[in-house]
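Trainee: Structure: coords.tsv, TSV, C-alpha atoms.
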chain	number	residue	atom	x	y	z
F	1253	MET	CA	36.53	-6.66	1.29
F	1254	PRO	CA	33.93	-9.06	2.70
F	1255	LYS	CA	34.65	-10.43	6.12
F	1256	ASN	CA	36.06	-13.95	6.38
F	1257	LEU	CA	34.29	-16.30	8.78
F	1258	SER	CA	36.23	-19.30	10.04
F	1259	SER	CA	33.57	-21.27	11.89
F	1260	VAL	CA	29.86	-21.96	12.07
F	1261	ALA	CA	29.73	-20.27	15.47
F	1262	GLU	CA	31.16	-17.07	13.98
F	1263	ALA	CA	28.72	-17.27	11.08
F	1264	MET	CA	25.76	-17.70	13.43
F	1265	THR	CA	26.91	-14.78	15.59
F	1266	ALA	CA	27.30	-12.56	12.52
F	1267	PHE	CA	23.90	-13.64	11.22
F	1268	MET	CA	22.12	-12.79	14.48
F	1269	GLN	CA	23.88	-9.42	14.68
F	1270	ILE	CA	22.92	-8.55	11.11
F	1271	ILE	CA	19.25	-9.50	11.63
F	1272	GLY	CA	19.15	-7.56	14.91
F	1273	LEU	CA	20.62	-4.43	13.31
F	1274	ALA	CA	18.28	-4.67	10.31
F	1275	LYS	CA	15.20	-5.05	12.54
F	1276	GLU	CA	16.17	-2.08	14.68
F	1277	SER	CA	16.78	0.09	11.61
F	1278	LEU	CA	13.37	-0.88	10.21
F	1279	ARG	CA	11.71	-0.09	13.54
F	1280	LYS	CA	13.29	3.34	13.43
F	1281	ILE	CA	12.30	4.31	9.91
F	1282	LEU	CA	9.02	2.40	9.48
F	1283	LEU	CA	7.48	2.61	12.96
F	1284	ARG	CA	9.11	5.38	15.02
F	1285	GLY	CA	9.91	7.90	12.30
F	1286	GLU	CA	13.59	8.16	13.26
F	1287	PHE	CA	15.69	8.63	10.13
F	1288	GLU	CA	19.10	9.83	11.38
F	1289	GLU	CA	20.77	6.97	9.48
F	1290	TYR	CA	19.30	8.33	6.24
F	1291	SER	CA	19.07	12.07	6.92
F	1292	GLU	CA	19.87	12.95	3.28
F	1293	ASP	CA	17.68	10.29	1.66
F	1294	ARG	CA	14.03	11.44	1.82
F	1295	ARG	CA	12.92	8.16	0.29
F	1296	MET	CA	13.92	6.45	3.55
F	1297	HIS	CA	11.94	8.87	5.75
F	1298	CYS	CA	9.28	6.20	5.72
F	1299	THR	CA	6.63	7.38	8.17
F	1300	ALA	CA	6.39	10.72	6.34
F	1301	ARG	CA	6.23	9.02	2.94
F	1302	LEU	CA	3.52	6.61	4.16
F	1303	VAL	CA	1.42	9.50	5.46
F	1304	GLU	CA	1.81	11.26	2.11
F	1305	MET	CA	0.63	8.12	0.30
F	1306	LEU	CA	-2.35	7.77	2.66
F	1307	ASN	CA	-3.31	11.40	2.04
F	1308	GLN	CA	-3.06	10.89	-1.72
F	1309	TYR	CA	-5.21	7.76	-1.38
F	1310	SER	CA	-7.81	9.70	0.61
F	1311	ASP	CA	-7.80	12.49	-1.97
F	1312	ALA	CA	-8.28	9.99	-4.79
F	1313	LEU	CA	-11.33	8.53	-3.04
F	1314	HIS	CA	-12.89	11.89	-2.22
F	1315	LYS	CA	-12.22	13.46	-5.63
F	1316	CYS	CA	-13.52	10.63	-7.81
F	1317	ASP	CA	-16.83	10.99	-9.66
F	1318	GLU	CA	-18.64	8.68	-7.24
F	1319	SER	CA	-17.87	11.07	-4.36
F	1320	ASP	CA	-19.32	14.11	-6.16
F	1321	PRO	CA	-23.02	14.37	-5.17
F	1322	LYS	CA	-23.62	16.91	-7.95
F	1323	ASN	CA	-22.73	14.36	-10.62
F	1324	ASN	CA	-25.89	13.33	-12.57
F	1325	PHE	CA	-28.01	14.70	-9.75
F	1326	LEU	CA	-31.03	12.41	-9.04
F	1327	VAL	CA	-30.69	10.71	-12.45
F	1328	GLU	CA	-29.46	7.39	-11.03
F	1329	GLU	CA	-31.92	7.60	-8.13
F	1330	ILE	CA	-34.92	8.07	-10.40
F	1331	LYS	CA	-33.77	5.27	-12.68
F	1332	VAL	CA	-33.41	2.84	-9.77
F	1333	LEU	CA	-36.72	3.87	-8.18
F	1334	GLU	CA	-38.45	3.19	-11.49
F	1335	GLU	CA	-37.08	-0.36	-11.48
F	1336	VAL	CA	-37.93	-1.25	-7.87
F	1337	LYS	CA	-41.58	-0.19	-7.96
F	1338	GLY	CA	-43.99	-2.71	-6.52
F	1339	ILE	CA	-47.47	-3.17	-5.12
F	1340	CYS	CA	-46.96	-1.47	-1.76
F	1341	LEU	CA	-47.74	1.65	0.22
F	1342	PRO	CA	-46.44	4.92	-1.25
F	1343	ASN	CA	-43.72	7.08	0.30
F	1344	PHE	CA	-41.72	4.12	1.58
F	1345	LEU	CA	-38.10	4.29	0.47
F	1346	PRO	CA	-37.15	0.81	-0.84
F	1347	ARG	CA	-33.98	-0.44	0.84
F	1348	ASN	CA	-33.03	-2.43	-2.24
F	1349	ALA	CA	-32.92	0.85	-4.18
F	1350	PHE	CA	-30.37	2.23	-1.69
F	1351	LEU	CA	-28.33	-1.00	-1.79
F	1352	SER	CA	-28.35	-1.07	-5.59
F	1353	ILE	CA	-26.88	2.42	-5.79
F	1354	LEU	CA	-24.43	1.72	-2.97
F	1355	GLN	CA	-23.13	-1.43	-4.64
F	1356	GLY	CA	-22.62	0.39	-7.91
F	1357	LYS	CA	-20.68	3.19	-6.23
F	1358	VAL	CA	-18.46	0.84	-4.22
F	1359	ARG	CA	-17.82	-1.28	-7.29
F	1360	ALA	CA	-16.81	1.83	-9.23
F	1361	ILE	CA	-14.17	2.91	-6.68
F	1362	SER	CA	-12.90	-0.57	-5.73
F	1363	SER	CA	-9.78	-0.25	-7.90
F	1364	ILE	CA	-8.55	2.74	-5.86
F	1365	PRO	CA	-7.96	0.92	-2.53
F	1366	ILE	CA	-6.56	-2.15	-4.30
F	1367	GLY	CA	-4.19	0.07	-6.28
F	1368	PHE	CA	-3.09	1.80	-3.09
F	1369	VAL	CA	-2.29	-1.54	-1.44
F	1370	GLU	CA	-0.06	-2.49	-4.37
F	1371	GLN	CA	1.63	0.92	-4.36
F	1372	VAL	CA	2.39	1.01	-0.65
F	1373	TRP	CA	3.80	-2.53	-0.48
F	1374	THR	CA	5.99	-1.88	-3.51
F	1375	TYR	CA	7.44	1.09	-1.64
F	1376	ILE	CA	7.94	-0.90	1.58
F	1377	GLU	CA	9.61	-3.69	-0.43
F	1378	GLU	CA	12.14	-1.23	-1.86
F	1379	VAL	CA	12.93	0.07	1.62
F	1380	VAL	CA	13.26	-3.37	3.24
F	1381	ILE	CA	15.44	-4.85	0.47
F	1382	SER	CA	17.68	-1.77	0.43
F	1383	LEU	CA	18.17	-1.94	4.17
F	1384	LEU	CA	18.80	-5.70	4.22
F	1385	MET	CA	21.41	-5.33	1.48
F	1386	ARG	CA	23.12	-2.57	3.41
F	1387	HIS	CA	23.39	-4.56	6.64
F	1388	SER	CA	24.50	-7.80	4.94
F	1389	ASP	CA	26.90	-6.12	2.53
F	1390	ASN	CA	29.91	-8.05	3.85
F	1391	TYR	CA	28.28	-11.47	3.49
F	1392	TYR	CA	27.46	-12.45	-0.07
F	1393	GLN	CA	25.57	-15.68	0.64
F	1394	LEU	CA	23.46	-13.99	3.31
F	1395	GLN	CA	22.65	-11.23	0.84
F	1396	LEU	CA	21.28	-13.78	-1.61
F	1397	CYS	CA	19.08	-15.35	1.07
F	1398	ALA	CA	17.98	-11.98	2.47
F	1399	ARG	CA	17.01	-10.71	-0.99
F	1400	ARG	CA	14.98	-13.83	-1.80
F	1401	ALA	CA	13.35	-13.79	1.63
F	1402	GLY	CA	12.55	-10.08	1.33
F	1403	HIS	CA	10.88	-10.48	-2.07
F	1404	ASN	CA	8.96	-13.57	-0.95
F	1405	LEU	CA	7.77	-11.91	2.26
F	1406	MET	CA	6.68	-8.72	0.49
F	1407	ALA	CA	4.70	-10.78	-2.02
F	1408	LYS	CA	2.94	-12.54	0.89
F	1409	MET	CA	2.22	-9.25	2.69
F	1410	LYS	CA	0.87	-7.67	-0.47
F	1411	GLU	CA	-1.34	-10.67	-1.24
F	1412	ARG	CA	-2.63	-10.67	2.35
F	1413	SER	CA	-3.47	-6.96	2.22
F	1414	ILE	CA	-5.19	-7.26	-1.14
F	1415	LYS	CA	-7.30	-10.13	0.20
F	1416	TRP	CA	-8.16	-8.08	3.29
F	1417	MET	CA	-9.08	-5.00	1.23
F	1418	THR	CA	-11.19	-7.11	-1.14
F	1419	GLU	CA	-13.14	-8.34	1.88
F	1420	ILE	CA	-13.64	-4.74	3.05
F	1421	VAL	CA	-14.98	-3.83	-0.40
F	1422	ASP	CA	-17.31	-6.84	-0.36
F	1423	MET	CA	-18.57	-5.94	3.14
F	1424	GLU	CA	-19.36	-2.40	2.04
F	1425	LYS	CA	-21.31	-3.74	-0.92
F	1426	LEU	CA	-23.22	-6.27	1.15
F	1427	THR	CA	-24.93	-4.07	3.68
F	1428	ASP	CA	-25.52	-0.48	4.77
F	1429	TYR	CA	-24.72	0.10	8.43
F	1430	THR	CA	-23.12	2.66	10.70
F	1431	CYS	CA	-23.43	3.60	14.37
F	1432	ASP	CA	-21.94	7.02	13.61
F	1433	PRO	CA	-24.51	9.64	14.70
F	1434	GLU	CA	-23.04	12.04	12.15
F	1435	TYR	CA	-24.83	10.09	9.41
F	1436	VAL	CA	-28.29	10.99	10.70
F	1437	ALA	CA	-27.21	14.56	11.51
F	1438	GLU	CA	-25.85	15.06	8.00
F	1439	TRP	CA	-28.94	13.53	6.39
F	1440	ASN	CA	-31.19	15.86	8.41
F	1441	ARG	CA	-29.13	18.89	7.37
F	1442	LEU	CA	-29.45	17.95	3.71
F	1443	MET	CA	-33.15	17.06	3.92
F	1444	ALA	CA	-33.89	20.51	5.33
F	1445	HIS	CA	-33.51	21.80	1.76
F	1446	GLN	CA	-35.93	19.31	0.16
F	1447	ASN	CA	-39.03	21.53	0.00
F	1448	ALA	CA	-37.11	24.51	-1.36
F	1449	PHE	CA	-35.49	22.32	-3.99
F	1450	ILE	CA	-38.76	20.77	-5.19
F	1451	GLU	CA	-40.41	24.18	-5.26
F	1452	GLY	CA	-37.50	25.49	-7.33
F	1453	VAL	CA	-37.80	22.64	-9.81
F	1454	LEU	CA	-41.59	22.47	-10.14
F	1455	GLY	CA	-42.98	25.78	-8.90
F	1456	ASP	CA	-40.52	28.43	-10.06
F	1457	LYS	CA	-42.07	30.14	-13.11
F	1458	GLU	CA	-38.61	31.13	-14.38
F	1459	ARG	CA	-37.78	27.43	-14.72
F	1460	PRO	CA	-34.08	27.69	-13.80
F	1461	SER	CA	-31.75	25.13	-15.32
F	1462	THR	CA	-29.66	24.89	-12.15
F	1463	ILE	CA	-30.36	25.16	-8.43
F	1464	THR	CA	-27.85	25.50	-5.59
F	1465	ILE	CA	-28.30	23.21	-2.59
F	1466	GLU	CA	-26.37	23.97	0.57
F	1467	GLY	CA	-23.96	21.14	1.30
F	1468	ILE	CA	-24.19	19.82	-2.27
F	1469	GLY	CA	-23.54	22.71	-4.63
F	1470	GLU	CA	-25.05	23.78	-7.94
F	1471	VAL	CA	-26.93	21.00	-9.71
F	1472	GLU	CA	-28.66	20.69	-13.07
F	1473	VAL	CA	-32.45	20.22	-12.84
F	1474	GLU	CA	-33.76	20.72	-16.37
F	1475	GLY	CA	-34.44	17.03	-16.98
F	1476	LEU	CA	-35.96	16.42	-13.54
F	1477	ARG	CA	-39.22	18.22	-14.28
F	1478	ARG	CA	-40.46	15.12	-16.11
F	1479	TYR	CA	-40.62	13.18	-12.83
F	1480	PRO	CA	-42.65	15.34	-10.43
F	1481	LEU	CA	-44.01	12.43	-8.41
F	1482	MET	CA	-40.61	10.83	-7.93
F	1483	LEU	CA	-38.68	13.93	-6.92
F	1484	PRO	CA	-39.32	13.66	-3.13
F	1485	GLN	CA	-38.23	10.02	-2.96
F	1486	ALA	CA	-35.30	10.56	-5.29
F	1487	PHE	CA	-34.14	13.56	-3.25
F	1488	ASP	CA	-34.42	11.57	-0.01
F	1489	LEU	CA	-32.49	8.66	-1.51
F	1490	LYS	CA	-29.78	10.98	-2.80
F	1491	MET	CA	-29.30	12.69	0.55
F	1492	ARG	CA	-29.17	9.40	2.44
F	1493	MET	CA	-26.47	8.22	0.05
F	1494	ALA	CA	-24.55	11.51	0.26
F	1495	ALA	CA	-24.49	11.28	4.07
F	1496	TYR	CA	-23.65	7.56	4.14
F	1497	TRP	CA	-20.97	7.84	1.46
F	1498	LYS	CA	-18.93	10.06	3.78
F	1499	VAL	CA	-18.99	7.23	6.33
F	1500	VAL	CA	-17.88	4.71	3.71
F	1501	MET	CA	-14.98	6.92	2.59
F	1502	ARG	CA	-13.79	7.41	6.17
F	1503	ARG	CA	-13.87	3.68	6.77
F	1504	PHE	CA	-11.81	2.95	3.65
F	1505	VAL	CA	-9.11	5.38	4.77
F	1506	ASP	CA	-9.14	4.70	8.53
F	1507	PHE	CA	-9.21	0.90	8.18
F	1508	MET	CA	-6.36	1.05	5.69
F	1509	ALA	CA	-4.22	3.16	8.03
F	1510	LEU	CA	-4.79	0.77	10.94
F	1511	HIS	CA	-4.21	-2.32	8.82
F	1512	LEU	CA	-1.01	-0.87	7.38
F	1513	GLN	CA	0.41	0.00	10.79
F	1514	LEU	CA	-0.33	-3.48	12.17
F	1515	SER	CA	1.07	-5.20	9.06
F	1516	ILE	CA	4.32	-3.22	9.20
F	1517	SER	CA	4.70	-3.96	12.91
F	1518	ASN	CA	4.23	-7.70	12.30
F	1519	LEU	CA	6.62	-7.55	9.36
F	1520	VAL	CA	9.43	-6.00	11.41
F	1521	ASN	CA	8.91	-7.72	14.76
F	1522	LYS	CA	7.81	-11.21	13.71
F	1523	GLU	CA	7.84	-12.21	10.09
F	1524	MET	CA	11.04	-10.86	8.53
F	1525	GLU	CA	13.46	-12.77	10.74
F	1526	ALA	CA	11.51	-16.02	10.39
F	1527	GLU	CA	11.38	-15.66	6.61
F	1528	ILE	CA	15.14	-15.08	6.32
F	1529	VAL	CA	15.90	-18.02	8.64
F	1530	ASN	CA	13.61	-20.30	6.62
F	1531	GLU	CA	15.24	-19.15	3.40
F	1532	LEU	CA	18.77	-19.63	4.75
F	1533	MET	CA	18.02	-23.07	6.18
F	1534	GLY	CA	15.83	-24.16	3.27
F	1535	PRO	CA	16.88	-26.25	0.25
F	1536	TYR	CA	18.11	-23.19	-1.67
F	1537	GLY	CA	19.81	-21.49	1.25
F	1538	GLY	CA	22.38	-24.17	2.05
F	1539	GLY	CA	22.39	-23.56	5.80
F	1540	ILE	CA	24.45	-21.26	7.96
F	1541	GLU	CA	27.61	-22.89	6.57
F	1542	ARG	CA	27.04	-21.07	3.27
F	1543	MET	CA	27.98	-17.83	5.04
F	1544	LEU	CA	31.52	-19.26	5.26
F	1545	GLU	CA	31.76	-19.30	1.47
F	1546	GLU	CA	33.29	-16.46	-0.50
F	1547	SER	CA	31.31	-14.55	-3.05
F	1548	PRO	CA	32.06	-15.32	-6.72
F	1549	ALA	CA	33.68	-11.90	-7.14
F	1550	VAL	CA	36.01	-12.48	-4.19
F	1551	ALA	CA	36.77	-16.00	-5.37
F	1552	VAL	CA	37.78	-14.64	-8.80
F	1553	LYS	CA	39.97	-11.99	-7.17
F	1554	ARG	CA	41.57	-14.61	-4.97
F	1555	ALA	CA	42.22	-16.89	-7.96
F	1556	ASN	CA	43.76	-14.01	-9.91
F	1557	LEU	CA	45.88	-13.08	-6.91
F	1558	ASN	CA	47.11	-16.66	-6.51
F	1559	LYS	CA	47.91	-16.76	-10.23
F	1560	SER	CA	49.91	-13.56	-9.90
F	1561	ILE	CA	51.76	-14.97	-6.90
F	1562	ARG	CA	52.65	-18.11	-8.88
F	1563	LYS	CA	53.88	-16.00	-11.78
F	1564	LEU	CA	55.98	-13.90	-9.45
F	1565	ARG	CA	57.38	-17.04	-7.83
F	1566	ASP	CA	58.19	-18.53	-11.24
F	1567	SER	CA	59.70	-15.25	-12.37
F	1568	LYS	CA	61.82	-15.15	-9.23
F	1569	GLU	CA	63.16	-18.61	-9.98
F	1570	VAL	CA	63.92	-17.67	-13.59
F	1571	VAL	CA	65.71	-14.51	-12.50
F	1572	ALA	CA	67.67	-16.48	-9.89
F	1573	LYS	CA	68.82	-18.96	-12.56
F	1574	ILE	CA	69.83	-16.12	-14.88
F	1575	MET	CA	71.83	-14.48	-12.09
F	1576	ASP	CA	73.52	-17.80	-11.29
F	1577	SER	CA	74.46	-18.23	-14.94
F	1578	PHE	CA	75.80	-14.66	-15.10
F	1579	ILE	CA	77.92	-15.20	-12.00
F	1580	CYS	CA	79.39	-18.45	-13.43
F	1581	TYR	CA	80.18	-16.65	-16.74
F	1582	VAL	CA	81.99	-13.86	-14.92
F	1583	ASP	CA	84.01	-16.36	-12.91
Is it possible to express this structure as C-alpha cells?
Mentor:
Amino acid sequence: MPKNLSSVAEAMTAFMQIIGLAKESLRKILLRGEFEEYSEDRRMHCTARLVEMLNQYSDALHKCDESDPKNNFLVEEIKVLEEVKGICLPNFLPRNAFLSILQGKVRAISSIPIGFVEQVWTYIEEVVISLLMRHSDNYYQLQLCARRAGHNLMAKMKERSIKWMTEIVDMEKLTDYTCDPEYVAEWNRLMAHQNAFIEGVLGDKERPSTITIEGIGEVEVEGLRRYPLMLPQAFDLKMRMAAYWKVVMRRFVDFMALHLQLSISNLVNKEMEAEIVNELMGPYGGGIERMLEESPAVAVKRANLNKSIRKLRDSKEVVAKIMDSFICYVD
C-alpha cells in the first residue's frame, strides 16, 4: 500500500529522498556502468547498450553508399569537373568541385546521425521514466509529476541534440578542413597509384573492364576511357575525397559520443531534479501538498472499506435487535 504522509515536512523529506535515490541510480547505470540493481535486466545495462548503439551508428555511416569509394568510380568527379571549367590555368584542382561533391555526400548521409539522436534519446527516456516510476512507486501524485517531467525533459534533450547535430552537418557541408596529418598521408598513399591506374585505363591493350587499386578495391573503368584528359584531375579529386571522408566519418562518431556523454551527465546531475521540481510546483503539479493526497485507486479502496465497515456495523445492530427480540420471546 502507498505510504501515508501526514505533513508537508514529511512530504518534502520523502520527495528529496526519492529524487536523491533516483539520481544515484541513474548515475550508476548511465554514467558509471554499475547495474547491480538490474543484474537480470540487460535493457538497464545502459553504458553497454549505449556503446552498442554507437557502434551500430558508426557501422551505418561507414557501410552506406557514400562511404564506398568504389561506387560510381570517378563518374561524379568527371561530371562536376565538366561543370566547373573556366578560363584558367590547367591542372589546378577547383576547390568548388571538391566542395560540391562533399556537400552532396554529407547531405546524403545526414539522416543517419539525426536518426541516431532520436533512437538514443528514446532509449534513455524509457530508462529514466522506468527508474523514476520505480522510486516513486509509493507516491501516486509524485509519480504523475515525475512522468510528465521525464517526458518533457526528454523531449527538450532530444530537440537540443537534433539542433546540435544539424549544426554539425551544416558545418561539414560549409567547409573542408582538418588538422589531422593522416589526411595528407592517406591522400599520398592513394595518389601513389595514379600513374598505374591511368596507364591501365588508357594504355593497356587488353582494355580491362575493371582495375584494382590498393586501398580502394576493384573499380569499373570501361566508361572512363572517353575522358582521357580529365582522368588525372578526376583521380586526384577522388582520392582527396576518399581521404577526407574518413576524417568526416570519425568526427560524426567522436563528436556524437562526447556530446552524448555530456548531455547524460547534465541530465542526471542538473536538469532532471529541476524539471521535476518545476513540474511539481507548477500549475499542474499542485505543490508538495499534493503528495499528501491518496491515489484514486487507494481512495476507491478506502471508500469500499468504509462502506463495508458501515454495513458490518448496521448488520451488527440488526443482529443485536434480533437477539434482544429472541431473548424477550423466550422469557
Trainee: Using only C-alpha atoms, which of F:Val1369, F:Ala1401, F:Ala1274, F:Ala1300 sits nearest Met1533 of chain F?
Mentor: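 Closest candidate: F:Ala1401.
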Trainee: Quick check, in Å to one decimal: how far apart do atom CA of Asn1440 of chain F and atom CA of Arg1459 of chain F lie?
Mentor: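 A separation of 26.7 Å between them.
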Trainee: From the set F:Arg1562, F:Arg1399, F:Lys1425, F:Arg1478, which residue has the shortest atom-to-atom contact distance to Leu1354 of chain F, counting only C-alpha atoms?
Mentor: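 For Leu1354 of chain F, the nearest of the given residues is F:Lys1425.
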Trainee: Could you pull out every residue with an atom within 7 Å of (24.0, 0.8, 9.2), file coordinates, counting only C-alpha atoms, and send them as a ChimeraX atom specification?
Mentor: /F:1289,1386-1387
Trainee: Which neighbours of Val1471 of chain F fall inside 7 Å, counting only C-alpha atoms, when residues of the same chain fewer than 2 positions from it are skipped, and could you give them as a PyMOL selection string?
Mentor: chain F and resi 1322+1325+1462-1464+1469+1473
Trainee: Quick one, how far is atom CA of Ala1407 of chain F from atom CA of Glu1370 of chain F?
Mentor: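 Answer for the atom CA of Ala1407 of chain F to atom CA of Glu1370 of chain F separation: 9.8 Å.
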Trainee: Quick one: residues within 12 Å of Ile1376 of chain F, only C-alpha atoms, excluding same-chain residues fewer than 6 positions away - as a ChimeraX atom specification?
Mentor: /F:1278,1281-1283,1295-1299,1301-1302,1305,1369-1370,1382-1383,1402-1403,1405-1407,1409-1410,1512-1513,1515-1516,1519-1520
Trainee: Can you measure atom CA of Val1505 of chain F to atom CA of Leu1313 of chain F for me? One decimal in Å is fine.
Mentor: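 Atom CA of Val1505 of chain F sits 8.7 Å away from atom CA of Leu1313 of chain F.
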Trainee: Contacts of Arg1441 of chain F at 12 Å or less, counting all atoms listed in the file, minus same-chain residues fewer than 3 places along, as a PyMOL selection string?
Mentor: chain F and resi 1434-1438+1444-1446+1465-1468+1488+1491-1492+1494-1495
Trainee: Tell me which of F:Glu1262, F:Arg1503, F:Glu1329, F:Glu1458 sits closest to Pro1346 of chain F, counting all atoms listed in the file.
Mentor: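 Of the candidates, the smallest distance to Pro1346 of chain F is held by F:Glu1329.
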Trainee: In file coordinates, which residues lie within 7 Å of (-33.8, 12.6, -10.5) using all atoms listed in the file, given as an mmCIF file with C-alpha atoms, in the frame of the given file?
Mentor:
data_model
loop_
_atom_site.group_PDB
_atom_site.id
_atom_site.type_symbol
_atom_site.label_atom_id
_atom_site.label_comp_id
_atom_site.auth_asym_id
_atom_site.auth_seq_id
_atom_site.Cartn_x
_atom_site.Cartn_y
_atom_site.Cartn_z
ATOM 1 C CA PHE F 1325 -28.010 14.700 -9.750
ATOM 2 C CA LEU F 1326 -31.030 12.410 -9.040
ATOM 3 C CA VAL F 1327 -30.690 10.710 -12.450
ATOM 4 C CA GLU F 1328 -29.460 7.390 -11.030
ATOM 5 C CA GLU F 1329 -31.920 7.600 -8.130
ATOM 6 C CA ILE F 1330 -34.920 8.070 -10.400
ATOM 7 C CA LEU F 1476 -35.960 16.420 -13.540
ATOM 8 C CA LEU F 1483 -38.680 13.930 -6.920
ATOM 9 C CA ALA F 1486 -35.300 10.560 -5.290
#
Trainee: Can segment 1362-1380 of chain F be brought up to N, CA and C atoms and written out as an mmCIF file, in the coordinates of the input?
Mentor:
data_model
loop_
_atom_site.group_PDB
_atom_site.id
_atom_site.type_symbol
_atom_site.label_atom_id
_atom_site.label_comp_id
_atom_site.auth_asym_id
_atom_site.auth_seq_id
_atom_site.Cartn_x
_atom_site.Cartn_y
_atom_site.Cartn_z
ATOM 1 N N SER F 1362 -13.633 0.541 -6.348
ATOM 2 C CA SER F 1362 -12.900 -0.570 -5.730
ATOM 3 C C SER F 1362 -11.453 -0.664 -6.206
ATOM 4 N N SER F 1363 -11.162 -0.177 -7.402
ATOM 5 C CA SER F 1363 -9.780 -0.250 -7.900
ATOM 6 C C SER F 1363 -8.853 0.700 -7.160
ATOM 7 N N ILE F 1364 -9.402 1.751 -6.544
ATOM 8 C CA ILE F 1364 -8.550 2.740 -5.860
ATOM 9 C C ILE F 1364 -7.895 2.144 -4.618
ATOM 10 N N PRO F 1365 -8.636 1.530 -3.684
ATOM 11 C CA PRO F 1365 -7.960 0.920 -2.530
ATOM 12 C C PRO F 1365 -7.041 -0.235 -2.897
ATOM 13 N N ILE F 1366 -7.423 -1.048 -3.884
ATOM 14 C CA ILE F 1366 -6.560 -2.150 -4.300
ATOM 15 C C ILE F 1366 -5.262 -1.600 -4.896
ATOM 16 N N GLY F 1367 -5.383 -0.553 -5.705
ATOM 17 C CA GLY F 1367 -4.190 0.070 -6.280
ATOM 18 C C GLY F 1367 -3.294 0.671 -5.219
ATOM 19 N N PHE F 1368 -3.896 1.242 -4.173
ATOM 20 C CA PHE F 1368 -3.090 1.800 -3.090
ATOM 21 C C PHE F 1368 -2.329 0.710 -2.359
ATOM 22 N N VAL F 1369 -2.964 -0.426 -2.111
ATOM 23 C CA VAL F 1369 -2.290 -1.540 -1.440
ATOM 24 C C VAL F 1369 -1.049 -1.962 -2.241
ATOM 25 N N GLU F 1370 -1.193 -2.095 -3.542
ATOM 26 C CA GLU F 1370 -0.060 -2.490 -4.370
ATOM 27 C C GLU F 1370 1.041 -1.435 -4.333
ATOM 28 N N GLN F 1371 0.650 -0.164 -4.378
ATOM 29 C CA GLN F 1371 1.630 0.920 -4.360
ATOM 30 C C GLN F 1371 2.415 0.954 -3.055
ATOM 31 N N VAL F 1372 1.719 0.855 -1.933
ATOM 32 C CA VAL F 1372 2.390 1.010 -0.650
ATOM 33 C C VAL F 1372 3.311 -0.167 -0.348
ATOM 34 N N TRP F 1373 2.924 -1.386 -0.743
ATOM 35 C CA TRP F 1373 3.800 -2.530 -0.480
ATOM 36 C C TRP F 1373 4.983 -2.565 -1.431
ATOM 37 N N THR F 1374 4.836 -2.021 -2.621
ATOM 38 C CA THR F 1374 5.990 -1.880 -3.510
ATOM 39 C C THR F 1374 7.014 -0.935 -2.900
ATOM 40 N N TYR F 1375 6.538 0.152 -2.316
ATOM 41 C CA TYR F 1375 7.440 1.090 -1.640
ATOM 42 C C TYR F 1375 8.130 0.430 -0.449
ATOM 43 N N ILE F 1376 7.359 -0.251 0.395
ATOM 44 C CA ILE F 1376 7.940 -0.900 1.580
ATOM 45 C C ILE F 1376 8.949 -1.965 1.151
ATOM 46 N N GLU F 1377 8.666 -2.676 0.073
ATOM 47 C CA GLU F 1377 9.610 -3.690 -0.430
ATOM 48 C C GLU F 1377 10.939 -3.058 -0.802
ATOM 49 N N GLU F 1378 10.905 -1.918 -1.490
ATOM 50 C CA GLU F 1378 12.140 -1.230 -1.860
ATOM 51 C C GLU F 1378 12.943 -0.850 -0.620
ATOM 52 N N VAL F 1379 12.257 -0.347 0.393
ATOM 53 C CA VAL F 1379 12.930 0.070 1.620
ATOM 54 C C VAL F 1379 13.551 -1.123 2.335
ATOM 55 N N VAL F 1380 12.781 -2.189 2.496
ATOM 56 C CA VAL F 1380 13.260 -3.370 3.240
ATOM 57 C C VAL F 1380 14.436 -4.021 2.526
#
